[in-house]
Amino acid sequence: MDAPRLARLIDAAEGRVPCDAIVKDVRYLDVFTCTWRQGDLAIHDGHLVGLEPGLSGRRVFEGRSRAVVPGFCDAHVHLESSPLTPRHFQRAVLGRGTTTAICDPHELANVIGVPGIRYFLDAAGSMALNLRVMLSSCVPATDFETNGGGTIDAAALTGLMHHPKALGLAEMMNVPGVLHADPAVLAKLAAFSGRRIDGHCPLVRGRDLSAYAAAGISSCHESSELEEAREKLTKGIAVWIREGSVAKDLRALAPLLTMATSTSIGFCTDDRNPLDIAREGHIDWLVRSAIGLGVAPEIAYRSASFSVARHYGLARRGAIAPGYVGDLVLLDDAETCAISEVLVGGVPVGELDLDGAHDGGEARNTVRAQMPEAHDLEGPKGSVHVIEVRAGRILTDRAVMAHDAEGVARLSVLERYGHGQKPANAYVRGFGKSMRGAIASSVGHDSHNLIVVGTNPDDMRTALGALIASSGGFCVVQGGTVWAHLPLPIGGLMSPDEPAVVARALEDLHRASHHIGCELPEPFLQLAFLSLPVIPSLKLTDRGLMDVDAFQLIDVRAA
């Protein structure tokens with residue numbers, strides 16, 4: 001902030017010039033002491049300059065004793081998994097009170113490489129949402145899959161680290177690489193040693209967790225068990241409690257959130273689609289749910305704002321105090337997080353220009369898969385390893401059973417970057433005992449090859465064909481007919497459409513999936529995580545069945 005702007009703020013704070021806006025007669029949250037205070041909030045040049053009555057403003061918002069809290073901060077999100085473009089993502093979340101988001105663009109980076117990271121850095125510069133970018137640390141996530149973006153090394157990342165919207169190093173998913181001191185991993189950690197480094201270490205405990213933290217990693221959003229999260233806090237790792245469209249950890253972790261821990265706990269969505277945002281909310285959903293689970297409102301709101309901003313060194317954000325950015329959420333009821341108005345830099349969301357961010361023409365036409373024959377989608381028969389889905393979790397269980405046992409479906413992953421590979425085939429249980437047909441997605445974390453689950457190869461082939469023809473998307477097929485389809489032509493990950501349009505398409509997809517007998521409430525993102533080889537326990541990549549615990553490919557046939 002330059003001297004002339006500082007002078008303007010001081011003049012407004014002293015009453016020598018009118019402020020841009022006054023939010024009168026409110027009960028605002030002091031996040032430093034977790035206390036509610038009464039006052040008038042004066043805003044000038046986008047920043048708060050006073051909390052006491054008496055200042056004049058060119059514009060006055062009548063608070064009528066409503067509660068006001070700082071704008072919410074999503075501590076970890078992949079915008080691509082919304083699956084909205086940046087400008088449409090901000091349309092979906094700003095009105096829900098999320099004014100800052102810390103994103104990791106490794107989904108698009110796995111598809112097109114460094115340009116995928118630059119896409120989000122460039123978009124961040126033209127958004128009303130305060131979007132900050134953590135630079136993707138694991139592209140590809142492992143050597144056991146094929147991506148389109150190649151390998152992004154330490155040199156490429158350091159070339160981006162001085163961008164004004166770049167914060168640090170994104171989730172370090174390569175836990176074995178850290179623990180075994182892999183030189184390529186250490187080069188990235190060393191390059192970012194003076195910045196924040198996000199973690200990704202599900203179920204890691206004890207000596208391994210200590211070694212992981214000693215490497216400079218300071219947060220993790222993958223805790224799903226209470227004692228796991230508690231140990232991370234004791235070792236200096238901030239815990240981001242996640243409620244995405246599939247992974248839902250709040251109920252398990254809410255007892256950990258207290259006054260003492262709230263400075264090291266925040267909220268994140270990771271992967272949350274616009275249908276869930278429209279029906280339930282975004283970070284406001286986590287706040288509302290946490291309060292419903294017994295967390296004090298003051299603590300929930302602090303964790304939703306100041307705790308995350310402070311962790312990432314976002315100076316002058318996340319609090320209601322002089323000099324802080326005027327991102328404010330006005331509440332009709334603090335107990336239920338009932339939002340009546342959101343101000344960004346003192347301006348109501350409805351008055352903001354939300355059309356500034358570009359929409360990714362450089363990321364189109366990335367699906368170049370070779371159409372398989374139906375017999376290519378046949379897996380081995382007999383006694384096989386089966387991935388067992390946990391509804392609402394991205395962790396999977398494992399079993400050995402007959403390939404045609406009740407509830408067991410076929411699962412295939414098809415490399416989509418034009419190398420002409422045959423699909424990898426395995427089996428999965430948990431989509432529904434009576435499912436008949438196929439569900440397919442081009443969102444297949446993290447390399448985003450095409451993934452399809454089904455009960456017969458013909459429907460699976462039809463579903464893959466629909467995705468190839470639309471350069472990506474979600475679809476549901478039965479009897480050779482495509483019942484529902486959402487094209488995702490930008491990177492095979494994002495739709496260029498408005499959030500409401502995407503939400504309606506997702507509703508159609510969910511109805512269609514239930515029609516063919518799928519029992520999962522969110523089958524598409526659940527399916528997407530079945531190809532992620534860094535989340536225990538058994539996953540399928542385009543190269544074969546991955547035993548994540550042993551960190552190696554295994555035969556689908558059981559010994």
# chains A, B, ... in the order shown; residues from 1 in each chain; ligands from 1
>>> select_by_dssp(residues="stretch 203-275 of chain A", states="strand (DSSP E)", output="MDAnalysis selection string")
chainID A and resid 219:220 238:242 265:268
>>> residues_around(residues="A:Gln478", least_positions_apart="6", cutoff="12 Å", atoms="only C-alpha atoms", output="list of chain:residue names")
A:Met435, A:Arg436, A:Gly437, A:Ala438, A:Ile439, A:Ala440, A:Val453, A:Gly454, A:Thr455, A:Asn456, A:Pro457, A:Asp458, A:Asp459, A:Met460, A:Arg461, A:Thr462, A:Ala463, A:Ala484, A:Ala512, A:Ser513, A:His514, A:His515, A:Ile516, A:Gly517, A:Cys518
>>> closest_residue(among="A:Leu450, A:Ala321, A:Ala363, A:Ile152", to="A:Gly116", atoms="only C-alpha atoms")
A:Ala363
>>> residues_around(residues="A:Val428", least_positions_apart="4", cutoff="7 Å", atoms="only C-alpha atoms", output="PyMOL selection string")
chain A and resi 386-388+408-411
>>> residues_around(residues="A:Leu527", least_positions_apart="4", cutoff="12 Å", atoms="only C-alpha atoms", output="ChimeraX atom specification")
/A:245-246,387-396,411-413,428-431,438-445,448-454,474-475,518,520-523,531-532,539-540
>>> decode(residues="stretch 519-545 of chain A", atoms="N, CA, C and O atoms", output="PDB file, in the first residue's frame")
ATOM      1  N   GLU A 519     -26.870 -46.367  -5.938  1.00  0.00           N
ATOM      2  CA  GLU A 519     -27.324 -46.001  -4.595  1.00  0.00           C
ATOM      3  C   GLU A 519     -26.511 -44.885  -3.955  1.00  0.00           C
ATOM      4  O   GLU A 519     -26.859 -44.405  -2.870  1.00  0.00           O
ATOM      5  N   LEU A 520     -25.421 -44.447  -4.588  1.00  0.00           N
ATOM      6  CA  LEU A 520     -24.578 -43.402  -4.012  1.00  0.00           C
ATOM      7  C   LEU A 520     -25.196 -42.028  -4.251  1.00  0.00           C
ATOM      8  O   LEU A 520     -25.666 -41.742  -5.359  1.00  0.00           O
ATOM      9  N   PRO A 521     -25.181 -41.146  -3.251  1.00  0.00           N
ATOM     10  CA  PRO A 521     -25.764 -39.813  -3.438  1.00  0.00           C
ATOM     11  C   PRO A 521     -24.964 -38.940  -4.404  1.00  0.00           C
ATOM     12  O   PRO A 521     -25.522 -38.069  -5.056  1.00  0.00           O
ATOM     13  N   GLU A 522     -23.645 -39.127  -4.495  1.00  0.00           N
ATOM     14  CA  GLU A 522     -22.803 -38.342  -5.413  1.00  0.00           C
ATOM     15  C   GLU A 522     -21.870 -39.309  -6.154  1.00  0.00           C
ATOM     16  O   GLU A 522     -20.688 -39.431  -5.831  1.00  0.00           O
ATOM     17  N   PRO A 523     -22.423 -40.032  -7.152  1.00  0.00           N
ATOM     18  CA  PRO A 523     -21.620 -41.077  -7.796  1.00  0.00           C
ATOM     19  C   PRO A 523     -20.478 -40.554  -8.662  1.00  0.00           C
ATOM     20  O   PRO A 523     -19.473 -41.249  -8.848  1.00  0.00           O
ATOM     21  N   PHE A 524     -20.590 -39.335  -9.186  1.00  0.00           N
ATOM     22  CA  PHE A 524     -19.599 -38.868 -10.163  1.00  0.00           C
ATOM     23  C   PHE A 524     -18.279 -38.498  -9.500  1.00  0.00           C
ATOM     24  O   PHE A 524     -17.210 -38.914  -9.954  1.00  0.00           O
ATOM     25  N   LEU A 525     -18.337 -37.731  -8.419  1.00  0.00           N
ATOM     26  CA  LEU A 525     -17.093 -37.431  -7.724  1.00  0.00           C
ATOM     27  C   LEU A 525     -16.585 -38.651  -6.960  1.00  0.00           C
ATOM     28  O   LEU A 525     -15.385 -38.843  -6.792  1.00  0.00           O
ATOM     29  N   GLN A 526     -17.520 -39.495  -6.491  1.00  0.00           N
ATOM     30  CA  GLN A 526     -17.081 -40.733  -5.847  1.00  0.00           C
ATOM     31  C   GLN A 526     -16.293 -41.578  -6.851  1.00  0.00           C
ATOM     32  O   GLN A 526     -15.226 -42.125  -6.537  1.00  0.00           O
ATOM     33  N   LEU A 527     -16.797 -41.655  -8.083  1.00  0.00           N
ATOM     34  CA  LEU A 527     -16.117 -42.375  -9.146  1.00  0.00           C
ATOM     35  C   LEU A 527     -14.757 -41.746  -9.447  1.00  0.00           C
ATOM     36  O   LEU A 527     -13.762 -42.446  -9.658  1.00  0.00           O
ATOM     37  N   ALA A 528     -14.723 -40.405  -9.475  1.00  0.00           N
ATOM     38  CA  ALA A 528     -13.483 -39.695  -9.821  1.00  0.00           C
ATOM     39  C   ALA A 528     -12.334 -40.062  -8.893  1.00  0.00           C
ATOM     40  O   ALA A 528     -11.173 -40.112  -9.320  1.00  0.00           O
ATOM     41  N   PHE A 529     -12.631 -40.326  -7.624  1.00  0.00           N
ATOM     42  CA  PHE A 529     -11.569 -40.620  -6.659  1.00  0.00           C
ATOM     43  C   PHE A 529     -11.120 -42.081  -6.691  1.00  0.00           C
ATOM     44  O   PHE A 529     -10.141 -42.436  -6.027  1.00  0.00           O
ATOM     45  N   LEU A 530     -11.806 -42.923  -7.459  1.00  0.00           N
ATOM     46  CA  LEU A 530     -11.391 -44.323  -7.537  1.00  0.00           C
ATOM     47  C   LEU A 530     -10.129 -44.512  -8.358  1.00  0.00           C
ATOM     48  O   LEU A 530      -9.573 -45.599  -8.398  1.00  0.00           O
ATOM     49  N   SER A 531      -9.679 -43.440  -9.034  1.00  0.00           N
ATOM     50  CA  SER A 531      -8.426 -43.536  -9.792  1.00  0.00           C
ATOM     51  C   SER A 531      -7.311 -42.719  -9.159  1.00  0.00           C
ATOM     52  O   SER A 531      -6.270 -42.493  -9.792  1.00  0.00           O
ATOM     53  N   LEU A 532      -7.496 -42.299  -7.906  1.00  0.00           N
ATOM     54  CA  LEU A 532      -6.485 -41.470  -7.229  1.00  0.00           C
ATOM     55  C   LEU A 532      -5.555 -42.372  -6.420  1.00  0.00           C
ATOM     56  O   LEU A 532      -5.921 -42.861  -5.344  1.00  0.00           O
ATOM     57  N   PRO A 533      -4.323 -42.603  -6.897  1.00  0.00           N
ATOM     58  CA  PRO A 533      -3.457 -43.608  -6.277  1.00  0.00           C
ATOM     59  C   PRO A 533      -2.646 -43.112  -5.083  1.00  0.00           C
ATOM     60  O   PRO A 533      -1.613 -43.705  -4.758  1.00  0.00           O
ATOM     61  N   VAL A 534      -3.091 -42.049  -4.433  1.00  0.00           N
ATOM     62  CA  VAL A 534      -2.406 -41.590  -3.227  1.00  0.00           C
ATOM     63  C   VAL A 534      -3.349 -41.596  -2.024  1.00  0.00           C
ATOM     64  O   VAL A 534      -3.006 -41.104  -0.958  1.00  0.00           O
ATOM     65  N   ILE A 535      -4.558 -42.155  -2.204  1.00  0.00           N
ATOM     66  CA  ILE A 535      -5.522 -42.277  -1.110  1.00  0.00           C
ATOM     67  C   ILE A 535      -5.782 -43.762  -0.891  1.00  0.00           C
ATOM     68  O   ILE A 535      -6.207 -44.462  -1.814  1.00  0.00           O
ATOM     69  N   PRO A 536      -5.535 -44.283   0.325  1.00  0.00           N
ATOM     70  CA  PRO A 536      -5.727 -45.712   0.579  1.00  0.00           C
ATOM     71  C   PRO A 536      -7.180 -46.136   0.303  1.00  0.00           C
ATOM     72  O   PRO A 536      -8.082 -45.310   0.353  1.00  0.00           O
ATOM     73  N   SER A 537      -7.436 -47.385  -0.079  1.00  0.00           N
ATOM     74  CA  SER A 537      -6.431 -48.433   0.043  1.00  0.00           C
ATOM     75  C   SER A 537      -6.158 -49.093  -1.308  1.00  0.00           C
ATOM     76  O   SER A 537      -5.035 -49.490  -1.608  1.00  0.00           O
ATOM     77  N   LEU A 538      -7.187 -49.200  -2.132  1.00  0.00           N
ATOM     78  CA  LEU A 538      -7.061 -49.840  -3.437  1.00  0.00           C
ATOM     79  C   LEU A 538      -7.677 -48.916  -4.476  1.00  0.00           C
ATOM     80  O   LEU A 538      -8.811 -48.454  -4.316  1.00  0.00           O
ATOM     81  N   LYS A 539      -6.940 -48.606  -5.568  1.00  0.00           N
ATOM     82  CA  LYS A 539      -7.433 -47.713  -6.616  1.00  0.00           C
ATOM     83  C   LYS A 539      -7.041 -48.281  -7.985  1.00  0.00           C
ATOM     84  O   LYS A 539      -6.176 -49.157  -8.088  1.00  0.00           O
ATOM     85  N   LEU A 540      -7.666 -47.755  -9.046  1.00  0.00           N
ATOM     86  CA  LEU A 540      -7.386 -48.203 -10.401  1.00  0.00           C
ATOM     87  C   LEU A 540      -6.932 -47.023 -11.244  1.00  0.00           C
ATOM     88  O   LEU A 540      -7.649 -46.037 -11.373  1.00  0.00           O
ATOM     89  N   THR A 541      -5.735 -47.088 -11.820  1.00  0.00           N
ATOM     90  CA  THR A 541      -5.259 -46.072 -12.763  1.00  0.00           C
ATOM     91  C   THR A 541      -5.293 -46.667 -14.170  1.00  0.00           C
ATOM     92  O   THR A 541      -5.637 -47.836 -14.359  1.00  0.00           O
ATOM     93  N   ASP A 542      -4.895 -45.855 -15.152  1.00  0.00           N
ATOM     94  CA  ASP A 542      -4.886 -46.352 -16.531  1.00  0.00           C
ATOM     95  C   ASP A 542      -3.831 -47.436 -16.742  1.00  0.00           C
ATOM     96  O   ASP A 542      -3.848 -48.117 -17.765  1.00  0.00           O
ATOM     97  N   ARG A 543      -2.931 -47.613 -15.763  1.00  0.00           N
ATOM     98  CA  ARG A 543      -1.875 -48.619 -15.896  1.00  0.00           C
ATOM     99  C   ARG A 543      -2.145 -49.883 -15.089  1.00  0.00           C
ATOM    100  O   ARG A 543      -1.380 -50.844 -15.173  1.00  0.00           O
ATOM    101  N   GLY A 544      -3.206 -49.863 -14.275  1.00  0.00           N
ATOM    102  CA  GLY A 544      -3.548 -51.069 -13.548  1.00  0.00           C
ATOM    103  C   GLY A 544      -4.044 -50.803 -12.141  1.00  0.00           C
ATOM    104  O   GLY A 544      -4.251 -49.655 -11.728  1.00  0.00           O
ATOM    105  N   LEU A 545      -4.225 -51.887 -11.387  1.00  0.00           N
ATOM    106  CA  LEU A 545      -4.764 -51.818 -10.035  1.00  0.00           C
ATOM    107  C   LEU A 545      -3.651 -51.440  -9.064  1.00  0.00           C
ATOM    108  O   LEU A 545      -2.596 -52.087  -9.024  1.00  0.00           O
TER     109      LEU A 545
END
